[in-house]
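Working notes for the structure below.
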Amino acid sequence: MKAAVIETVGKAVVAEVPDPTPGPREVVVEVAACGLCGTDLHILQGEFAPTLPVIPGHEFAGEVVGLGSAVTELALGDRVAVDPSLYCFECRHCRNGHNNMCERWAAIGVTTAGGAAQYAVAPAANCVKLPDHIRTQDAALVEPLSCAVRGYDVLQSRLGAHVLIYGSGTMGLMMLELAKRTGAASVDVVDINADRLATARRLGVSGSAANADELDRPQGWDVVVDATGNAAAIQDGLGRVAKAGTFLQFGVADYATRVTIDPYRIYNQEITITGSMAVLHSFERAAELFAGGVLDPEVFISDRMPLVQYPEALDQFASGVGRKIVVVP
């Protein structure tokens, strides 16, 4: 089969690799579409994945075309979205319900072969069946949506909160859509990418700007979300949190990224700084929300490129052109 392969740091190719074989509790999924994510760029930079080469792709959906010997809950022809999370279920964090902190954390498309290929293997337990009205290609959006749902679990937002989001790429836009549906009084978005900011306005925002100084909220925002991973945006956002407010680090920063905090202000104004890591008990809920129409795939997916153009798709994603880019085998 054909698959994208990150061979070494900075080098991605499309190559012929052996077809996958499922274990007893695994299935083979014929991939309909696989989304690109900032995590893929980190893997390309030599971060996250413990070893290279690896077939990337942790945002994917497709049709079940192979069954392990002990799989009974799925059938050939089932259309599924795949939760890439792989946990040990044995360590302290897994036993405490914080599986995304697993001491042996792994993920399809990050530490093992993923969905940027014609076929991928996944545990049957990680597959969520899709309803008839959902296009399989569009369901590649379920995984990033599940990360956004996890983000809102962490926030535990109150009704009537004023929300500021840095970044209007895919994840920022998903946080925007969830903020609108969780009782926010206002949702503002900041981005230096004019095209992406226009998409945020299309979806409906209270305010949008290239700089938060242009927005009229001198007292700050109750909730500030960084969906960029960019040091300058994070630093600016930390200074925009209102008294008793919360800053959520949602975007994935490079390992070397550093910002400065003001401990006295955090103490004196009771500011909470927290993070949200990947998926935790949120994939099924994201699938339900997606089936209910929380996202418009035609807005969120800007490019559908053939798998053979995976290196070019990575380059386009890295350049900030478009929104969600998916590759189609």
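Residues in the structure tokens are numbered from 1 in each chain, the chains being A, B, ... in the order shown, and ligands are numbered from 1 in the order shown.
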
**Request:** Would you mind listing what lies within 7 Å of segment 235-250 of chain A as a PyMOL selection string, with only C-alpha atoms counted and same-chain residues fewer than 5 positions away left out?
**Result:** chain A and resi 151+219-227+259-260+269-276

Output all heavy atoms for every residue in that selection, as a compact mmCIF listing (two decimals), in the first residue's frame.
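Full text of out-v6.txt as output:
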# COMPACT_ATOMS: atom_id res chain seq x y z
N GLY A 151 -10.63 20.38 25.93
CA GLY A 151 -10.28 21.72 26.38
C GLY A 151 -11.39 22.37 27.18
O GLY A 151 -11.15 22.99 28.22
N GLN A 219 -10.84 45.63 30.86
CA GLN A 219 -10.79 44.87 32.11
C GLN A 219 -10.35 43.43 31.91
O GLN A 219 -10.19 42.68 32.87
CB GLN A 219 -12.16 44.89 32.80
CG GLN A 219 -13.25 44.08 32.10
CD GLN A 219 -14.00 44.86 31.03
OE1 GLN A 219 -13.40 45.62 30.28
NE2 GLN A 219 -15.32 44.66 30.97
N GLY A 220 -10.16 43.02 30.65
CA GLY A 220 -9.71 41.67 30.36
C GLY A 220 -10.85 40.71 30.10
O GLY A 220 -12.03 41.08 30.12
N TRP A 221 -10.48 39.45 29.86
CA TRP A 221 -11.44 38.41 29.52
C TRP A 221 -11.46 37.34 30.61
O TRP A 221 -10.43 37.02 31.20
CB TRP A 221 -11.09 37.76 28.19
CG TRP A 221 -11.42 38.59 26.98
CD1 TRP A 221 -12.52 38.49 26.19
CD2 TRP A 221 -10.64 39.66 26.42
NE1 TRP A 221 -12.49 39.42 25.16
CE2 TRP A 221 -11.34 40.14 25.27
CE3 TRP A 221 -9.42 40.25 26.75
CZ2 TRP A 221 -10.85 41.18 24.48
CZ3 TRP A 221 -8.93 41.30 25.97
CH2 TRP A 221 -9.65 41.75 24.85
N ASP A 222 -12.63 36.78 30.86
CA ASP A 222 -12.76 35.73 31.87
C ASP A 222 -12.00 34.47 31.47
O ASP A 222 -11.45 33.77 32.33
CB ASP A 222 -14.24 35.37 32.08
CG ASP A 222 -15.07 36.58 32.48
OD1 ASP A 222 -14.68 37.26 33.43
OD2 ASP A 222 -16.10 36.83 31.82
N VAL A 223 -12.02 34.19 30.19
CA VAL A 223 -11.33 33.00 29.66
C VAL A 223 -10.48 33.43 28.47
O VAL A 223 -11.00 34.06 27.54
CB VAL A 223 -12.32 31.91 29.22
CG1 VAL A 223 -11.58 30.75 28.56
CG2 VAL A 223 -13.16 31.42 30.40
N VAL A 224 -9.20 33.12 28.51
CA VAL A 224 -8.31 33.37 27.38
C VAL A 224 -7.74 32.02 26.94
O VAL A 224 -7.19 31.27 27.76
CB VAL A 224 -7.16 34.33 27.76
CG1 VAL A 224 -6.19 34.49 26.58
CG2 VAL A 224 -7.72 35.69 28.18
N VAL A 225 -7.88 31.73 25.66
CA VAL A 225 -7.43 30.45 25.10
C VAL A 225 -6.35 30.72 24.07
O VAL A 225 -6.58 31.46 23.10
CB VAL A 225 -8.59 29.69 24.44
CG1 VAL A 225 -8.09 28.39 23.81
CG2 VAL A 225 -9.70 29.42 25.45
N ASP A 226 -5.18 30.12 24.26
CA ASP A 226 -4.18 30.16 23.19
C ASP A 226 -4.31 28.91 22.35
O ASP A 226 -4.15 27.80 22.85
CB ASP A 226 -2.75 30.24 23.72
CG ASP A 226 -1.77 30.10 22.56
OD1 ASP A 226 -1.68 31.03 21.74
OD2 ASP A 226 -1.14 29.02 22.44
N ALA A 227 -4.60 29.10 21.06
CA ALA A 227 -4.70 27.98 20.12
C ALA A 227 -3.62 28.08 19.06
O ALA A 227 -3.77 27.57 17.96
CB ALA A 227 -6.09 27.96 19.47
N VAL A 259 7.81 31.64 28.14
CA VAL A 259 7.14 32.92 28.38
C VAL A 259 7.38 33.28 29.85
O VAL A 259 7.84 32.46 30.64
CB VAL A 259 5.63 32.86 28.09
CG1 VAL A 259 5.38 32.58 26.61
CG2 VAL A 259 4.94 31.82 28.95
N THR A 260 7.04 34.52 30.20
CA THR A 260 7.23 35.01 31.56
C THR A 260 5.87 35.18 32.24
O THR A 260 4.93 35.69 31.64
CB THR A 260 7.95 36.36 31.55
OG1 THR A 260 9.21 36.20 30.89
CG2 THR A 260 8.19 36.87 32.96
N GLN A 269 -4.75 38.25 41.93
CA GLN A 269 -5.99 38.29 41.14
C GLN A 269 -6.61 36.91 40.95
O GLN A 269 -7.59 36.77 40.21
CB GLN A 269 -5.70 38.94 39.78
CG GLN A 269 -5.21 40.38 39.91
CD GLN A 269 -5.00 41.05 38.57
OE1 GLN A 269 -5.34 40.53 37.52
NE2 GLN A 269 -4.42 42.24 38.60
N GLU A 270 -6.08 35.93 41.64
CA GLU A 270 -6.61 34.56 41.58
C GLU A 270 -6.80 34.09 40.15
O GLU A 270 -7.86 33.62 39.74
CB GLU A 270 -7.90 34.44 42.38
CG GLU A 270 -7.71 34.63 43.86
CD GLU A 270 -8.91 34.22 44.68
OE1 GLU A 270 -9.98 33.94 44.10
OE2 GLU A 270 -8.77 34.17 45.92
N ILE A 271 -5.72 34.20 39.37
CA ILE A 271 -5.74 33.77 37.97
C ILE A 271 -5.33 32.30 37.89
O ILE A 271 -4.37 31.88 38.53
CB ILE A 271 -4.82 34.66 37.12
CG1 ILE A 271 -5.42 36.06 37.01
CG2 ILE A 271 -4.57 34.06 35.74
CD1 ILE A 271 -4.50 37.07 36.40
N THR A 272 -6.06 31.56 37.10
CA THR A 272 -5.77 30.15 36.87
C THR A 272 -5.08 29.99 35.52
O THR A 272 -5.55 30.51 34.51
CB THR A 272 -7.05 29.31 36.89
OG1 THR A 272 -7.68 29.42 38.17
CG2 THR A 272 -6.75 27.84 36.60
N ILE A 273 -3.97 29.26 35.50
CA ILE A 273 -3.28 28.91 34.26
C ILE A 273 -3.30 27.39 34.15
O ILE A 273 -2.84 26.69 35.06
CB ILE A 273 -1.83 29.43 34.24
CG1 ILE A 273 -1.81 30.95 34.37
CG2 ILE A 273 -1.12 29.00 32.96
CD1 ILE A 273 -0.40 31.54 34.51
N THR A 274 -3.86 26.89 33.07
CA THR A 274 -4.00 25.45 32.93
C THR A 274 -3.74 25.03 31.49
O THR A 274 -3.54 25.86 30.61
CB THR A 274 -5.41 25.00 33.39
OG1 THR A 274 -5.47 23.58 33.44
CG2 THR A 274 -6.48 25.53 32.46
N GLY A 275 -3.71 23.73 31.27
CA GLY A 275 -3.46 23.20 29.94
C GLY A 275 -4.44 22.09 29.61
O GLY A 275 -5.15 21.57 30.48
N SER A 276 -4.47 21.72 28.35
CA SER A 276 -5.34 20.64 27.88
C SER A 276 -4.53 19.78 26.92
O SER A 276 -4.05 20.27 25.90
CB SER A 276 -6.57 21.22 27.18
OG SER A 276 -7.32 20.20 26.57

For the contact check between segment 180-269 of chain A and segment 282-304 of chain A, emit one row per residue of segment 180-269 of chain A within 12 Å, containing the shortest atom pair and the distance in Å rounded to one decimal, counting only C-alpha atoms, chain then rising number order, as a Markdown table.
| residue | atom | partner | partner_atom | distance |
| --- | --- | --- | --- | --- |
| A:Lys180 | CA | A:Val294 | CA | 10.3 |
| A:Arg181 | CA | A:Val294 | CA | 8.8 |
| A:Thr182 | CA | A:Val294 | CA | 11.9 |
| A:Asp195 | CA | A:Ser302 | CA | 11.5 |
| A:Arg196 | CA | A:Phe300 | CA | 10.5 |
| A:Ala198 | CA | A:Val299 | CA | 11.4 |
| A:Thr199 | CA | A:Val299 | CA | 7.8 |
| A:Ala200 | CA | A:Val299 | CA | 10.0 |
| A:Arg201 | CA | A:Val299 | CA | 11.8 |
| A:Arg202 | CA | A:Val299 | CA | 9.1 |
| A:Leu203 | CA | A:Val299 | CA | 8.6 |

**Which residue of A:Pro218, A:Val163, A:Pro84, A:Thr39 approaches Gly251 of chain A most closely, using only C-alpha atoms** =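 Of A:Pro218, A:Val163, A:Pro84, A:Thr39, the one nearest Gly251 of chain A, counting only C-alpha atoms, is A:Thr39.
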
**Atom-to-atom span, atom CA of Pro329 of chain A and atom CA of Val71 of chain A, Å** =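 Rounded to one decimal, the two atoms are 25.5 Å apart.
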
**Complete:** Of A:Ala179, A:Cys102, A:Leu141, A:Ile261, the one nearest to Met277 of chain A when counting only C-alpha atoms is A:Cys102

**Request:** Would you mind writing down, as an NGL selection string, each residue of segment 22-118 of chain A that DSSP on the backbone assigns to strand (DSSP E)?
**Result:** :A and (26-35 or 59-67 or 79-82 or 85-86 or 106-107)

Write the residues of the selection above to a file with C-alpha atoms, as a PDB file, in the first residue's frame.
ATOM      1  CA  GLU A  26      -7.847  -4.831  16.101  1.00  0.00           C
ATOM      2  CA  VAL A  27      -9.385  -3.880  12.776  1.00  0.00           C
ATOM      3  CA  VAL A  28      -7.987  -2.711   9.460  1.00  0.00           C
ATOM      4  CA  VAL A  29      -9.486   0.584   8.296  1.00  0.00           C
ATOM      5  CA  GLU A  30      -9.430   1.646   4.669  1.00  0.00           C
ATOM      6  CA  VAL A  31      -8.728   5.336   5.166  1.00  0.00           C
ATOM      7  CA  ALA A  32     -11.166   7.764   3.556  1.00  0.00           C
ATOM      8  CA  ALA A  33      -9.370  10.919   4.707  1.00  0.00           C
ATOM      9  CA  CYS A  34      -6.634  11.910   7.131  1.00  0.00           C
ATOM     10  CA  GLY A  35      -6.223  15.400   8.541  1.00  0.00           C
ATOM     11  CA  GLU A  59      -6.955  12.324  12.528  1.00  0.00           C
ATOM     12  CA  PHE A  60      -8.669   9.822  10.266  1.00  0.00           C
ATOM     13  CA  ALA A  61     -11.824   7.953   9.398  1.00  0.00           C
ATOM     14  CA  GLY A  62     -12.643   5.168   7.020  1.00  0.00           C
ATOM     15  CA  GLU A  63     -14.284   1.813   6.393  1.00  0.00           C
ATOM     16  CA  VAL A  64     -13.543  -1.407   8.263  1.00  0.00           C
ATOM     17  CA  VAL A  65     -12.095  -3.890   5.757  1.00  0.00           C
ATOM     18  CA  GLY A  66     -10.351  -6.349   8.071  1.00  0.00           C
ATOM     19  CA  LEU A  67     -11.243  -7.893  11.433  1.00  0.00           C
ATOM     20  CA  ARG A  79     -17.702   3.323   8.684  1.00  0.00           C
ATOM     21  CA  VAL A  80     -15.761   4.611  11.667  1.00  0.00           C
ATOM     22  CA  ALA A  81     -13.865   7.536  13.109  1.00  0.00           C
ATOM     23  CA  VAL A  82     -10.763   6.445  15.017  1.00  0.00           C
ATOM     24  CA  SER A  85      -5.153   7.333  21.848  1.00  0.00           C
ATOM     25  CA  LEU A  86      -3.306   4.249  23.122  1.00  0.00           C
ATOM     26  CA  ALA A 106       1.239   6.281  22.734  1.00  0.00           C
ATOM     27  CA  ALA A 107      -0.937   7.221  19.775  1.00  0.00           C
TER      28      ALA A 107
END

**Item:** Among the residues A:Leu307, A:Ala4, A:Ala15, A:Val321, the one that comes closest to Thr170 of chain A [using only C-alpha atoms]
**Value:**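 Checking each of A:Leu307, A:Ala4, A:Ala15, A:Val321 against Thr170 of chain A, counting only C-alpha atoms, the winner is A:Val321.
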
**Item:** Top pick for closest residue to Pro56 of chain A, considering A:Pro311, A:Gly167, A:Pro123, A:Gly204 and counting only C-alpha atoms
**Value:**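 The answer is A:Pro311, which sits nearest to Pro56 of chain A.
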
Residue neighbourhood His58 of chain A, 6 Å, only C-alpha atoms, exclusion window fewer than 6 positions, as an mmCIF file with all heavy atoms, in the first residue's frame:
data_model
loop_
_atom_site.group_PDB
_atom_site.id
_atom_site.type_symbol
_atom_site.label_atom_id
_atom_site.label_comp_id
_atom_site.auth_asym_id
_atom_site.auth_seq_id
_atom_site.Cartn_x
_atom_site.Cartn_y
_atom_site.Cartn_z
ATOM 1 N N PRO A 84 -7.172 7.999 18.205
ATOM 2 C CA PRO A 84 -5.792 7.488 18.099
ATOM 3 C C PRO A 84 -5.141 7.161 19.425
ATOM 4 O O PRO A 84 -4.041 6.595 19.453
ATOM 5 C CB PRO A 84 -5.062 8.657 17.423
ATOM 6 C CG PRO A 84 -5.797 9.863 17.912
ATOM 7 C CD PRO A 84 -7.246 9.448 17.996
ATOM 8 N N ILE A 108 -1.793 6.323 17.735
ATOM 9 C CA ILE A 108 -1.746 5.964 16.320
ATOM 10 C C ILE A 108 -1.355 7.213 15.539
ATOM 11 O O ILE A 108 -1.909 8.294 15.729
ATOM 12 C CB ILE A 108 -3.125 5.461 15.854
ATOM 13 C CG1 ILE A 108 -3.555 4.231 16.662
ATOM 14 C CG2 ILE A 108 -3.111 5.135 14.365
ATOM 15 C CD1 ILE A 108 -5.019 3.850 16.456
ATOM 16 N N GLY A 109 -0.373 7.082 14.665
ATOM 17 C CA GLY A 109 0.064 8.213 13.858
ATOM 18 C C GLY A 109 1.089 9.098 14.533
ATOM 19 O O GLY A 109 1.561 10.068 13.937
ATOM 20 N N GLY A 114 0.135 5.380 11.385
ATOM 21 C CA GLY A 114 -1.128 6.084 11.416
ATOM 22 C C GLY A 114 -1.916 6.057 10.122
ATOM 23 O O GLY A 114 -1.722 5.201 9.253
#

**Prompt:** Out of segment 21-228 of chain A, which residues get alpha helix (DSSP H) from DSSP, as a PyMOL selection string?
**Reply:** chain A and resi 38-44+92-95+142-155+170-181+194-203

**Prompt:** Using only C-alpha atoms, which of the listed residues (A:Ile55, A:Ala161, A:Ala75, A:Cys37) sits closest to Thr8 of chain A?
**Reply:**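 Among A:Ile55, A:Ala161, A:Ala75, A:Cys37, it is A:Ile55 that comes nearest to Thr8 of chain A.
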
Would you pick out the contacts of Leu197 of chain A at 12 Å or less, using only C-alpha atoms, so that residues sharing its chain but fewer than 2 positions from it are not included, and give the list as an mmCIF file with C-alpha atoms, in the first residue's frame?
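Ended up saving to around20.cif:
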data_model
loop_
_atom_site.group_PDB
_atom_site.id
_atom_site.type_symbol
_atom_site.label_atom_id
_atom_site.label_comp_id
_atom_site.auth_asym_id
_atom_site.auth_seq_id
_atom_site.Cartn_x
_atom_site.Cartn_y
_atom_site.Cartn_z
ATOM 1 C CA ILE A 165 -9.197 33.070 21.548
ATOM 2 C CA TYR A 166 -5.753 33.487 20.006
ATOM 3 C CA GLY A 167 -5.607 31.837 16.611
ATOM 4 C CA SER A 168 -8.314 31.092 14.049
ATOM 5 C CA GLY A 169 -6.866 27.969 12.520
ATOM 6 C CA THR A 170 -8.821 24.740 12.814
ATOM 7 C CA GLY A 172 -9.159 28.051 17.331
ATOM 8 C CA LEU A 173 -12.297 27.883 15.196
ATOM 9 C CA LEU A 176 -14.954 29.327 18.940
ATOM 10 C CA ASP A 188 -13.433 37.490 20.481
ATOM 11 C CA VAL A 189 -10.712 36.150 18.208
ATOM 12 C CA VAL A 190 -7.202 37.467 17.533
ATOM 13 C CA ASP A 191 -5.101 36.356 14.571
ATOM 14 C CA ILE A 192 -2.501 37.962 12.317
ATOM 15 C CA ASN A 193 -3.653 35.753 9.411
ATOM 16 C CA ALA A 194 -6.306 37.846 7.678
ATOM 17 C CA ASP A 195 -7.816 34.952 5.716
ATOM 18 C CA THR A 199 -13.379 32.644 8.538
ATOM 19 C CA ALA A 200 -13.865 33.363 12.241
ATOM 20 C CA ARG A 201 -16.037 36.330 11.333
ATOM 21 C CA ARG A 202 -17.982 34.127 8.915
ATOM 22 C CA LEU A 203 -18.744 31.723 11.754
ATOM 23 C CA GLY A 204 -19.784 34.571 14.019
ATOM 24 C CA VAL A 205 -17.667 36.401 16.570
ATOM 25 C CA GLY A 207 -15.007 40.928 17.834
ATOM 26 C CA SER A 208 -11.956 40.100 15.744
ATOM 27 C CA ALA A 209 -8.610 41.790 15.318
ATOM 28 C CA ALA A 210 -4.947 41.316 14.556
ATOM 29 C CA ASN A 211 -4.127 42.667 18.030
ATOM 30 C CA GLY A 322 -5.880 27.294 4.408
ATOM 31 C CA ARG A 323 -7.609 25.761 7.391
#

**Message:** Can you tell me which residues surround Pro53 of chain A at a distance of at most 8 Å, considering only C-alpha atoms, apart from same-chain residues fewer than 6 positions away, and format the answer as a list in words?
**Reply:** Val5, Ile6, Glu7 and Thr8 of chain A
